[in-house]
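*Asks:* Handing over work-v1.csv, CSV, C-alpha atoms.
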```csv
chain,number,residue,atom,x,y,z
A,1325,MET,CA,-24.4,3.9,12.1
A,1326,ALA,CA,-23.4,6.3,14.8
A,1327,GLY,CA,-27.0,7.4,15.4
A,1328,ARG,CA,-28.4,3.9,16.0
A,1329,ARG,CA,-29.4,3.0,19.5
A,1330,GLU,CA,-27.9,-0.5,19.4
A,1331,ALA,CA,-24.4,-1.4,20.3
A,1332,TRP,CA,-22.4,-4.6,21.2
A,1333,CYS,CA,-20.6,-5.2,24.5
A,1334,PRO,CA,-17.6,-7.4,23.9
A,1335,ARG,CA,-17.4,-8.2,27.7
A,1336,CYS,CA,-21.0,-9.5,27.9
A,1337,ASP,CA,-21.1,-10.5,24.2
A,1338,GLU,CA,-24.6,-9.0,24.1
A,1339,LEU,CA,-26.5,-6.3,22.2
A,1340,ARG,CA,-27.5,-3.3,24.3
A,1341,ALA,CA,-30.2,-0.7,23.5
A,1342,VAL,CA,-27.7,2.2,23.8
A,1343,ARG,CA,-25.7,4.2,21.4
A,1344,PRO,CA,-22.3,3.0,20.3
A,1345,GLY,CA,-19.5,4.6,22.4
A,1346,THR,CA,-21.4,4.7,25.6
A,1347,ALA,CA,-20.9,2.5,28.7
A,1348,CYS,CA,-22.6,-0.9,29.1
A,1349,PRO,CA,-25.6,-0.6,31.5
A,1350,VAL,CA,-24.9,-4.2,32.8
A,1351,CYS,CA,-21.1,-4.6,33.2
A,1352,GLY,CA,-20.1,-1.0,33.0
A,1353,ARG,CA,-17.6,-1.5,30.1
A,1354,ALA,CA,-16.9,1.9,28.4
A,1355,GLY,CA,-17.0,2.4,24.6
A,1356,LEU,CA,-19.6,-0.1,23.4
A,1357,LEU,CA,-19.1,-1.0,19.7
A,1358,ALA,CA,-21.2,-0.4,16.6
A,1359,LEU,CA,-22.3,-3.6,14.9
A,1360,PRO,CA,-20.6,-4.0,11.4
A,1361,PRO,CA,-23.2,-4.3,8.6
A,1362,GLN,CA,-23.2,-7.4,6.5
A,1363,PRO,CA,-21.3,-7.2,3.2
A,1364,GLY,CA,-23.5,-5.7,0.4
A,1365,GLN,CA,-25.9,-4.1,2.8
A,1366,PRO,CA,-27.6,-1.1,1.1
A,1367,GLY,CA,-26.1,2.1,2.3
A,1368,ALA,CA,-23.0,0.5,3.9
A,1369,SER,CA,-20.1,2.2,2.1
A,1370,LEU,CA,-16.6,0.6,2.0
A,1371,ARG,CA,-15.3,3.3,4.3
A,1372,GLY,CA,-18.1,2.9,6.8
A,1373,ARG,CA,-17.8,-0.9,6.9
A,1374,ALA,CA,-14.1,-0.7,7.4
A,1375,GLY,CA,-14.5,1.9,10.2
A,1376,THR,CA,-17.0,-0.1,12.2
A,1377,ARG,CA,-14.9,-3.3,12.0
A,1378,LEU,CA,-11.8,-1.5,13.0
A,1379,ARG,CA,-13.4,-0.1,16.1
A,1380,ALA,CA,-14.6,-3.6,16.9
A,1381,LEU,CA,-11.2,-5.2,16.5
A,1382,LEU,CA,-8.6,-2.7,17.7
A,1383,PRO,CA,-7.9,-1.9,21.4
A,1384,ALA,CA,-8.6,1.6,22.7
A,1385,THR,CA,-4.9,2.5,22.5
A,1386,ARG,CA,-2.8,1.3,19.6
A,1387,THR,CA,1.0,1.4,19.7
A,1388,GLY,CA,1.6,0.4,16.1
A,1389,ALA,CA,2.9,3.1,13.7
A,1390,VAL,CA,0.7,4.4,10.9
A,1391,VAL,CA,2.0,3.0,7.6
A,1392,VAL,CA,2.3,5.3,4.6
A,1393,LEU,CA,0.1,4.3,1.6
A,1394,MET,CA,2.0,3.6,-1.6
A,1395,LEU,CA,-0.8,4.7,-3.8
A,1396,ALA,CA,-1.2,8.0,-1.9
A,1397,THR,CA,2.5,8.7,-2.5
A,1398,ILE,CA,2.1,8.2,-6.2
A,1399,ALA,CA,-1.1,10.3,-6.4
A,1400,GLY,CA,0.6,13.1,-4.3
A,1401,ALA,CA,2.9,13.9,-7.2
A,1402,PHE,CA,-0.1,15.4,-9.0
A,1403,ALA,CA,-2.2,16.6,-6.0
A,1404,VAL,CA,0.4,18.8,-4.4
A,1405,GLY,CA,2.7,19.6,-7.3
A,1406,ARG,CA,5.6,18.1,-9.0
A,1407,LEU,CA,8.3,19.4,-6.6
A,1408,SER,CA,8.4,19.1,-2.8
A,1409,ARG,CA,10.0,22.5,-2.3
A,1410,SER,CA,8.2,25.0,-0.1
A,1411,THR,CA,8.0,27.7,-2.8
A,1412,PRO,CA,7.8,27.2,-6.5
A,1413,SER,CA,10.6,28.6,-8.6
A,1414,ALA,CA,10.0,31.2,-11.3
A,1415,THR,CA,9.6,29.9,-14.8
A,1416,ALA,CA,12.7,30.7,-16.9
A,1417,THR,CA,12.6,31.8,-20.5
A,1418,PRO,CA,12.6,28.6,-22.6
A,1419,PRO,CA,15.8,27.9,-24.5
A,1420,ALA,CA,15.8,27.9,-28.3
A,1421,SER,CA,14.4,24.7,-29.8
A,1422,THR,CA,16.7,21.8,-30.3
A,1423,LEU,CA,14.0,19.5,-31.6
A,1424,PRO,CA,14.7,17.3,-34.7
A,1425,GLY,CA,12.1,17.5,-37.4
A,1426,ASN,CA,10.4,14.2,-36.5
A,1427,VAL,CA,9.8,14.9,-32.8
A,1428,PRO,CA,6.3,16.1,-31.8
A,1429,ASN,CA,6.2,19.7,-30.5
A,1430,PHE,CA,3.6,19.0,-27.8
A,1431,SER,CA,3.4,16.6,-24.8
A,1432,GLU,CA,1.2,16.0,-21.8
A,1433,ASP,CA,3.2,18.6,-19.9
A,1434,GLY,CA,2.8,21.3,-22.5
A,1435,PRO,CA,4.6,22.6,-25.7
A,1436,ILE,CA,8.0,21.2,-26.2
A,1437,THR,CA,10.9,23.5,-27.1
A,1438,GLY,CA,13.9,21.2,-27.0
A,1439,ARG,CA,15.2,17.7,-26.4
A,1440,ARG,CA,18.6,16.0,-25.9
A,1441,ASP,CA,19.4,12.3,-25.9
A,1442,VAL,CA,22.3,11.4,-23.6
A,1443,GLY,CA,22.5,7.8,-22.3
A,1444,TRP,CA,24.7,8.6,-19.2
A,1445,ARG,CA,24.7,6.2,-16.3
A,1446,ALA,CA,26.1,5.6,-12.8
A,1447,SER,CA,25.9,2.6,-10.4
A,1448,ASP,CA,25.7,2.3,-6.6
A,1449,SER,CA,24.0,0.1,-4.0
A,1450,GLY,CA,23.5,-2.6,-6.6
A,1451,ILE,CA,21.4,-0.3,-8.8
A,1452,THR,CA,22.3,1.4,-12.1
A,1453,VAL,CA,20.6,4.7,-13.0
A,1454,THR,CA,20.7,5.8,-16.6
A,1455,LEU,CA,19.7,9.3,-17.8
A,1456,ARG,CA,18.3,8.4,-21.2
A,1457,GLY,CA,17.4,12.0,-22.2
A,1458,VAL,CA,15.9,15.3,-21.3
A,1459,THR,CA,12.9,17.0,-22.8
A,1460,VAL,CA,12.3,20.8,-22.2
A,1461,GLY,CA,9.1,22.7,-22.7
A,1462,VAL,CA,7.3,25.9,-21.7
A,1463,GLY,CA,7.7,25.9,-17.9
A,1464,PHE,CA,8.9,22.3,-17.5
A,1465,THR,CA,11.8,19.9,-17.8
A,1466,ARG,CA,11.3,16.1,-18.0
A,1467,LEU,CA,14.3,13.9,-17.0
A,1468,GLU,CA,13.9,10.4,-18.6
A,1469,LEU,CA,15.6,7.8,-16.5
A,1470,ASN,CA,16.1,4.0,-16.5
A,1471,VAL,CA,16.6,2.2,-13.2
A,1472,ALA,CA,18.0,-1.4,-13.2
A,1473,GLY,CA,18.9,-3.8,-10.5
A,1474,LEU,CA,22.1,-5.7,-11.1
A,1475,ASP,CA,20.7,-8.9,-9.7
A,1476,ARG,CA,17.0,-8.6,-9.5
A,1477,ARG,CA,13.9,-7.3,-11.3
A,1478,LEU,CA,12.6,-3.9,-10.1
A,1479,PRO,CA,8.8,-3.5,-10.0
A,1480,GLY,CA,8.8,0.3,-10.0
A,1481,VAL,CA,10.3,3.6,-8.8
A,1482,ASN,CA,8.0,6.0,-6.9
A,1483,ALA,CA,10.4,8.8,-5.9
A,1484,LEU,CA,13.9,10.3,-6.0
A,1485,ASP,CA,15.8,11.9,-3.1
A,1486,GLY,CA,18.6,14.5,-3.2
A,1487,LEU,CA,18.1,15.3,-6.9
A,1488,ARG,CA,20.5,17.9,-8.3
A,1489,VAL,CA,20.9,19.2,-11.9
A,1490,GLN,CA,24.1,21.0,-12.8
A,1491,ASP,CA,26.2,22.4,-15.7
A,1492,ALA,CA,29.8,21.6,-16.5
A,1493,ASN,CA,31.1,24.2,-14.0
A,1494,GLY,CA,29.1,22.8,-11.1
A,1495,ASN,CA,26.4,25.5,-11.2
A,1496,ASP,CA,22.9,24.5,-10.4
A,1497,LEU,CA,20.4,24.7,-13.3
A,1498,LEU,CA,17.5,24.8,-10.8
A,1499,SER,CA,16.9,27.6,-8.4
A,1500,GLY,CA,17.3,26.3,-4.8
A,1501,GLY,CA,19.9,23.7,-5.8
A,1502,GLU,CA,19.1,20.2,-4.5
A,1503,ILE,CA,15.6,18.9,-4.4
A,1504,ALA,CA,15.1,16.9,-1.2
A,1505,HIS,CA,12.3,14.7,-2.5
A,1506,ILE,CA,10.4,14.4,-5.7
A,1507,ASN,CA,7.8,11.9,-6.9
A,1508,THR,CA,8.2,10.3,-10.3
A,1509,ALA,CA,5.6,11.2,-12.9
A,1510,SER,CA,5.6,7.7,-14.4
A,1511,SER,CA,7.1,4.3,-13.9
A,1512,GLU,CA,6.9,1.4,-16.2
A,1513,GLY,CA,8.7,-1.9,-16.0
A,1514,GLY,CA,10.5,-3.3,-19.0
A,1515,THR,CA,11.1,-6.8,-20.3
A,1516,ASP,CA,14.7,-6.8,-19.0
A,1517,GLY,CA,13.6,-6.2,-15.4
A,1518,SER,CA,14.5,-2.5,-15.4
A,1519,VAL,CA,12.1,0.4,-14.9
A,1520,ASP,CA,11.7,3.4,-17.2
A,1521,THR,CA,10.7,6.4,-15.0
A,1522,ASP,CA,10.3,10.1,-15.6
A,1523,VAL,CA,10.8,13.1,-13.3
A,1524,VAL,CA,9.1,16.4,-14.2
A,1525,LEU,CA,10.6,19.6,-12.9
A,1526,ASP,CA,8.6,22.9,-12.7
A,1527,ARG,CA,10.9,25.0,-14.8
A,1528,ALA,CA,12.8,24.8,-18.1
A,1529,ILE,CA,16.5,24.4,-18.3
A,1530,ASP,CA,19.0,24.6,-21.2
A,1531,PRO,CA,19.3,20.9,-22.3
A,1532,GLN,CA,22.7,21.7,-23.9
A,1533,ALA,CA,24.1,23.1,-20.7
A,1534,LEU,CA,23.2,19.9,-18.7
A,1535,ALA,CA,26.4,18.1,-17.6
A,1536,LYS,CA,25.6,16.3,-14.3
A,1537,VAL,CA,22.6,14.8,-12.5
A,1538,GLN,CA,23.0,13.6,-8.9
A,1539,VAL,CA,20.7,11.4,-7.0
A,1540,ARG,CA,21.1,10.4,-3.3
A,1541,GLY,CA,18.2,8.0,-2.9
A,1542,LEU,CA,15.5,6.0,-4.6
A,1543,THR,CA,12.1,4.8,-3.4
A,1544,ILE,CA,11.6,1.4,-5.0
A,1545,ALA,CA,8.1,0.0,-5.3
A,1546,ASP,CA,7.6,-3.7,-4.7
A,1547,SER,CA,4.8,-6.3,-4.6
A,1548,LEU,CA,5.0,-9.1,-2.0
A,1549,ASN,CA,2.9,-12.1,-1.0
A,1550,GLU,CA,2.3,-13.8,2.4
A,1551,ARG,CA,0.6,-17.0,3.3
A,1552,LEU,CA,-1.1,-17.4,6.7
A,1553,GLY,CA,-2.7,-20.4,8.3
A,1554,GLY,CA,-5.5,-20.2,10.9
A,1555,VAL,CA,-8.1,-22.3,12.8
A,1556,LEU,CA,-11.6,-21.5,13.9
A,1557,VAL,CA,-12.7,-23.4,17.0
A,1558,ASP,CA,-16.4,-23.7,17.5
A,1559,PRO,CA,-17.6,-27.0,19.2
A,1560,GLU,CA,-21.2,-26.4,18.4
A,1561,LEU,CA,-21.2,-25.0,14.9
A,1562,GLN,CA,-20.8,-28.2,12.9
A,1563,ARG,CA,-23.4,-30.0,14.9
A,1564,ASN,CA,-26.0,-27.3,14.2
A,1565,LEU,CA,-25.3,-26.4,10.5
A,1566,THR,CA,-28.2,-24.7,8.7
A,1567,GLU,CA,-28.3,-23.4,5.1
A,1568,ASP,CA,-29.2,-19.9,6.2
A,1569,GLY,CA,-26.8,-19.8,9.2
A,1570,SER,CA,-29.6,-18.9,11.6
A,1571,PHE,CA,-27.9,-20.9,14.4
A,1572,LEU,CA,-24.9,-18.6,14.5
A,1573,ARG,CA,-27.0,-15.4,14.5
A,1574,GLN,CA,-29.4,-16.7,17.2
A,1575,ARG,CA,-26.8,-18.2,19.6
A,1576,PRO,CA,-26.2,-15.7,22.5
A,1577,THR,CA,-22.6,-16.6,23.5
A,1578,CYS,CA,-19.9,-19.1,22.8
A,1579,PRO,CA,-17.2,-19.1,25.6
A,1580,ALA,CA,-15.3,-21.9,24.0
A,1581,CYS,CA,-15.0,-20.3,20.6
A,1582,LYS,CA,-11.8,-18.8,19.4
A,1583,VAL,CA,-9.8,-17.8,16.3
A,1584,ARG,CA,-6.1,-18.7,16.1
A,1585,VAL,CA,-3.8,-17.5,13.2
A,1586,ASP,CA,-0.2,-18.5,12.7
A,1587,CYS,CA,1.9,-15.7,11.2
A,1588,GLY,CA,5.3,-17.0,12.4
A,1589,ASP,CA,6.8,-17.0,8.9
A,1590,CYS,CA,5.4,-13.6,7.9
A,1591,ARG,CA,8.0,-11.1,6.7
A,1592,ILE,CA,6.1,-7.8,6.5
A,1593,ILE,CA,2.7,-8.2,8.1
A,1594,ARG,CA,1.3,-9.3,11.5
A,1595,VAL,CA,-2.1,-10.2,12.9
A,1596,ALA,CA,-3.0,-7.2,15.1
A,1597,GLY,CA,-6.4,-8.6,16.2
A,1598,THR,CA,-9.0,-11.3,15.7
A,1599,ALA,CA,-12.7,-11.6,16.4
A,1600,TYR,CA,-15.5,-14.1,16.0
A,1601,HIS,CA,-18.9,-12.5,16.3
A,1602,ARG,CA,-22.1,-14.3,15.3
A,1603,ASP,CA,-21.5,-15.6,11.7
A,1604,GLN,CA,-18.4,-13.6,10.8
A,1605,VAL,CA,-14.6,-14.4,11.4
A,1606,LEU,CA,-12.7,-11.1,11.3
A,1607,LEU,CA,-9.0,-10.5,11.2
A,1608,TRP,CA,-7.0,-7.2,11.4
A,1609,LEU,CA,-3.8,-7.5,9.3
A,1610,GLU,CA,-1.2,-4.8,9.7
A,1611,PRO,CA,2.1,-4.4,7.8
A,1612,VAL,CA,5.3,-4.0,9.8
A,1613,GLY,CA,8.9,-3.2,9.0
A,1614,SER,CA,11.3,-6.1,8.7
A,1615,THR,CA,14.7,-6.1,10.3
A,1616,ARG,CA,16.0,-7.5,7.1
A,1617,ARG,CA,14.4,-4.7,5.1
A,1618,PRO,CA,14.6,-1.6,7.3
A,1619,GLY,CA,12.5,1.4,6.4
A,1620,LEU,CA,9.9,-0.7,4.5
A,1621,ASN,CA,6.5,0.9,4.1
A,1622,ALA,CA,3.7,-1.4,3.0
A,1623,THR,CA,-0.1,-1.6,2.6
A,1624,VAL,CA,-2.3,-4.7,2.4
A,1625,ARG,CA,-3.9,-4.6,-1.0
A,1626,GLY,CA,-5.8,-7.9,-1.2
A,1627,VAL,CA,-6.7,-11.1,0.8
A,1628,VAL,CA,-8.2,-14.4,-0.4
A,1629,ALA,CA,-9.5,-16.9,2.2
A,1630,PHE,CA,-9.5,-20.7,1.6
A,1631,THR,CA,-10.6,-23.7,3.5
A,1632,GLY,CA,-7.6,-25.4,5.3
A,1633,GLY,CA,-4.9,-27.2,3.4
A,1634,ARG,CA,-3.2,-26.3,0.1
A,1635,GLY,CA,-5.6,-26.2,-2.7
A,1636,GLY,CA,-8.5,-25.6,-0.4
A,1637,LEU,CA,-11.8,-24.2,-1.7
A,1638,GLU,CA,-12.0,-20.4,-1.9
A,1639,LEU,CA,-14.4,-18.8,0.6
A,1640,THR,CA,-16.6,-15.8,0.1
A,1641,SER,CA,-14.6,-13.1,1.8
A,1642,TRP,CA,-14.0,-9.4,1.7
A,1643,VAL,CA,-11.3,-6.9,2.8
A,1644,ASP,CA,-11.6,-3.3,3.8
A,1645,GLY,CA,-8.8,-0.8,4.4
A,1646,PRO,CA,-9.4,2.7,5.8
A,1647,ASP,CA,-7.8,5.8,4.4
A,1648,ARG,CA,-4.3,6.8,5.6
A,1649,ASP,CA,-3.6,3.3,7.0
A,1650,GLY,CA,-1.8,0.3,5.6
A,1651,GLY,CA,-3.8,-2.3,7.4
A,1652,ALA,CA,-6.9,-4.2,6.4
A,1653,VAL,CA,-9.9,-5.9,8.0
A,1654,VAL,CA,-10.5,-9.4,6.5
A,1655,ALA,CA,-13.9,-11.1,7.0
A,1656,PHE,CA,-15.4,-14.4,5.9
A,1657,ASP,CA,-18.5,-16.4,6.7
A,1658,ALA,CA,-18.0,-19.0,9.5
A,1659,ASN,CA,-21.0,-21.0,8.3
A,1660,GLU,CA,-19.5,-21.4,4.8
A,1661,LEU,CA,-16.2,-22.5,6.3
A,1662,ALA,CA,-18.0,-25.1,8.4
A,1663,ASN,CA,-19.9,-26.5,5.4
A,1664,ARG,CA,-16.8,-26.7,3.2
A,1665,SER,CA,-14.2,-27.8,5.9
A,1666,THR,CA,-12.7,-31.2,5.6
A,1667,ASP,CA,-13.2,-31.5,9.4
A,1668,ALA,CA,-17.0,-31.3,9.1
A,1669,ASP,CA,-17.4,-35.1,9.2
A,1670,THR,CA,-15.6,-35.3,12.5
A,1671,GLY,CA,-17.8,-32.8,14.3
A,1672,LYS,CA,-14.9,-31.7,16.5
A,1673,GLY,CA,-15.5,-28.1,15.7
A,1674,THR,CA,-11.9,-27.4,14.6
A,1675,MET,CA,-11.9,-25.8,11.2
A,1676,ALA,CA,-8.7,-24.8,9.4
A,1677,PHE,CA,-8.4,-22.0,6.9
A,1678,ASP,CA,-5.7,-20.3,4.9
A,1679,LEU,CA,-5.2,-16.7,3.8
A,1680,ALA,CA,-3.3,-15.5,0.7
A,1681,VAL,CA,-2.3,-11.9,1.3
A,1682,SER,CA,-0.9,-9.5,-1.3
A,1683,VAL,CA,1.1,-6.4,-0.1
A,1684,ASP,CA,2.2,-3.4,-2.0
A,1685,ALA,CA,5.4,-2.0,-0.5
A,1686,GLU,CA,7.9,0.8,-0.7
A,1687,LEU,CA,11.6,0.3,0.0
A,1688,PRO,CA,14.0,3.3,0.3
A,1689,VAL,CA,17.5,2.7,-1.2
A,1690,ARG,CA,20.3,5.0,-0.2
A,1691,GLY,CA,23.3,5.7,-2.4
A,1692,ARG,CA,25.1,8.3,-4.5
A,1693,TRP,CA,24.5,8.3,-8.3
A,1694,VAL,CA,26.6,11.0,-10.0
A,1695,ILE,CA,25.5,10.7,-13.7
A,1696,THR,CA,27.8,12.4,-16.1
A,1697,GLN,CA,29.1,11.8,-19.6
A,1698,GLN,CA,32.5,10.9,-18.2
A,1699,GLY,CA,30.9,8.3,-15.9
A,1700,SER,CA,29.0,6.5,-18.7
A,1701,SER,CA,29.9,3.0,-19.7
A,1702,PRO,CA,30.9,2.5,-23.3
```
How does this structure look as structure tokens?
*Replies:*
Amino acid sequence: MAGRREAWCPRCDELRAVRPGTACPVCGRAGLLALPPQPGQPGASLRGRAGTRLRALLPATRTGAVVVLMLATIAGAFAVGRLSRSTPSATATPPASTLPGNVPNFSEDGPITGRRDVGWRASDSGITVTLRGVTVGVGFTRLELNVAGLDRRLPGVNALDGLRVQDANGNDLLSGGEIAHINTASSEGGTDGSVDTDVVLDRAIDPQALAKVQVRGLTIADSLNERLGGVLVDPELQRNLTEDGSFLRQRPTCPACKVRVDCGDCRIIRVAGTAYHRDQVLLWLEPVGSTRRPGLNATVRGVVAFTGGRGGLELTSWVDGPDRDGGAVVAFDANELANRSTDADTGKGTMAFDLAVSVDAELPVRGRWVITQQGSSP
């Protein structure tokens, strides 16, 4: 797309026979925009489509903070290593096996040399963390935890902060002492609303020497939903409807056309930009932190567009999100909205639509969980 000699000037709303990024030869506006390809166009990759629409929607200078992707955080546990310390610790000599006869001697982490079931727990910040057991193998230790909210269901746990593993005398069983941040290796929700999650350390410890596990923070995964209402204003569209949408593509300009979206009740997203170009309505949705939930990181995962009103017809729409960003570009066909809109009979050109937005989020929870046998509940 970058090599095409065709670009769009938002000021003139006209195509120019120049490369994208250059100045408009008529009005002088700098940074002409590449035209986004139609959905499904051969050769138009997901990443390419998202990039062109982002350039068309966002201003030259954005002040919004870049949002950390939840899925990238989970995948990072395997991409960059299990621990976030700067240098890996040396592998200790595995302890003598403490496996019962019916326990397999091999796991996905490698050969198993010992295991201990404990069931210790500690509570803070409305969350109970239970150390169910510890499995030790050649070069690794797996801490098996259960995390439960006292008054709500927890969707998942992505990471632990301030992890420390000690013996009965307060000596660290891991070289380097406290681990500032470590991603979980797995996280599965249970029927009781709790989450079973595992943390894999890069060295073996003596499971019988384990006496205390400390945690200073949890990164809780969550899934949230938002509902937005919008209006497309186009006085001419409904009077010139065609099955192939040729009117929209041939019309040179539409000074009276506009897109309005109401996000007043949104908790974690905002509408960062809108556009109406030819036959496409485009919206840039961006997650934001909430004052009620400070530190929230979120990424828009899916959007479904409907004609206006509850229970409206679903529109053909698509959503793109670029790498390393939590926002998303949503697009749907204006001609389809006009054909399906309940306002079509009036011919006033005011067409309502709804958006159902799903968001994956991460919420850090600070506390101090000191998990020992003495602190366990009976």
*Asks:* Record the distance separating atom CA of Val1583 of chain A and atom CA of Ser1682 of chain A, expressed in Å with one decimal.
*Replies:*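 Rounded to one decimal, the two atoms are 21.4 Å apart.
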*Asks:* Using all atoms listed in the file, determine which residues lie at most 12 Å from Ala1629 of chain A, disregarding the query and same-chain residues fewer than 2 positions distant; provide the list as an MDAnalysis selection string.
*Replies:* chainID A and resid 1551:1555 1605:1607 1626:1627 1631:1643 1654:1658 1660:1661 1676:1682
*Asks:* Near Pro1611 of chain A, within 6 Å and counting only C-alpha atoms, which residues show up once chain neighbours fewer than 2 positions away are dropped, as a list of chain:residue names?
*Replies:*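 My list of contacting residues is A:Ile1592, A:Ile1593, A:Ala1622.
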*Asks:* Which residue out of A:Arg1477, A:Arg1573, A:Arg1625, A:Arg1439 has the minimum interatomic distance to Gly1514 of chain A when only C-alpha atoms are used?
*Replies:*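 Smallest distance to Gly1514 of chain A is found for A:Arg1477.
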*Asks:* Between atom CA of Thr1515 of chain A and atom CA of Arg1445 of chain A, measure the distance and give it in Å to one decimal.
*Replies:* 19.2 Å
*Asks:* What is the distance, in Å and to one decimal place, between atom CA of Leu1565 of chain A and atom CA of Pro1579 of chain A?
*Replies:*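 Calculated distance between atom CA of Leu1565 of chain A and atom CA of Pro1579 of chain A is 18.6 Å.
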*Asks:* Kindly indicate which residue among A:Pro1559, A:Cys1578, A:Gln1490, A:Trp1693 lies nearest to Pro1334 of chain A, using all atoms listed in the file for the distances.
*Replies:*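 Selected residue with least distance to Pro1334 of chain A: A:Cys1578.
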*Asks:* Identify, on the basis of only C-alpha atoms, every residue whose closest approach to Thr1465 of chain A does not exceed 7 Å; exclude the query and any residue fewer than 6 positions from it along the same chain; express the result as a PDB file with C-alpha atoms, in the frame of the given file.
*Replies:*
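As a result, selection_2.pdb now contains:
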```
ATOM      1  CA  THR A1459      12.900  17.000 -22.800  1.00  0.00           C
ATOM      2  CA  VAL A1524       9.100  16.400 -14.200  1.00  0.00           C
ATOM      3  CA  LEU A1525      10.600  19.600 -12.900  1.00  0.00           C
ATOM      4  CA  ASP A1526       8.600  22.900 -12.700  1.00  0.00           C
ATOM      5  CA  ARG A1527      10.900  25.000 -14.800  1.00  0.00           C
ATOM      6  CA  ALA A1528      12.800  24.800 -18.100  1.00  0.00           C
ATOM      7  CA  ILE A1529      16.500  24.400 -18.300  1.00  0.00           C
TER       8      ILE A1529
END
```
*Asks:* Which one of A:Asn1549, A:Thr1623, A:Thr1437, A:Gln1574 sits closest to Asp1589 of chain A if you count all atoms listed in the file?
*Replies:*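 The answer is A:Asn1549, which sits nearest to Asp1589 of chain A.
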*Asks:* In terms of the shortest atom-to-atom distance over all atoms listed in the file, which of A:Thr1346, A:Ser1449, A:Asn1621, A:Thr1543 is closest to Ala1358 of chain A?
*Replies:*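 The answer is A:Thr1346, which sits nearest to Ala1358 of chain A.
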*Asks:* A:Asn1495, A:Thr1577, A:Thr1674, A:Gln1697: which is nearest Gly1457 of chain A, counting all atoms listed in the file?
*Replies:*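 With all atoms listed in the file as the atom set, the closest residue is A:Gln1697.
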*Asks:* Compare A:Glu1468, A:Asp1516, A:Asp1485, A:Asp1586 by their minimum atom-to-atom distance to Glu1550 of chain A, counting all atoms listed in the file, and give me the closest one.
*Replies:*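 Checking each of A:Glu1468, A:Asp1516, A:Asp1485, A:Asp1586 against Glu1550 of chain A, counting all atoms listed in the file, the winner is A:Asp1586.
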*Asks:* For a cut-off of 6 Å around (7.7, 22.7, -21.7), file coordinates, pick out all residues using only C-alpha atoms and list them as a list in words.
*Replies:*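 It turns out the residues near that spot are Gly1434, Pro1435, Ile1436, Val1460, Gly1461, Val1462, Gly1463 and Phe1464 of chain A.
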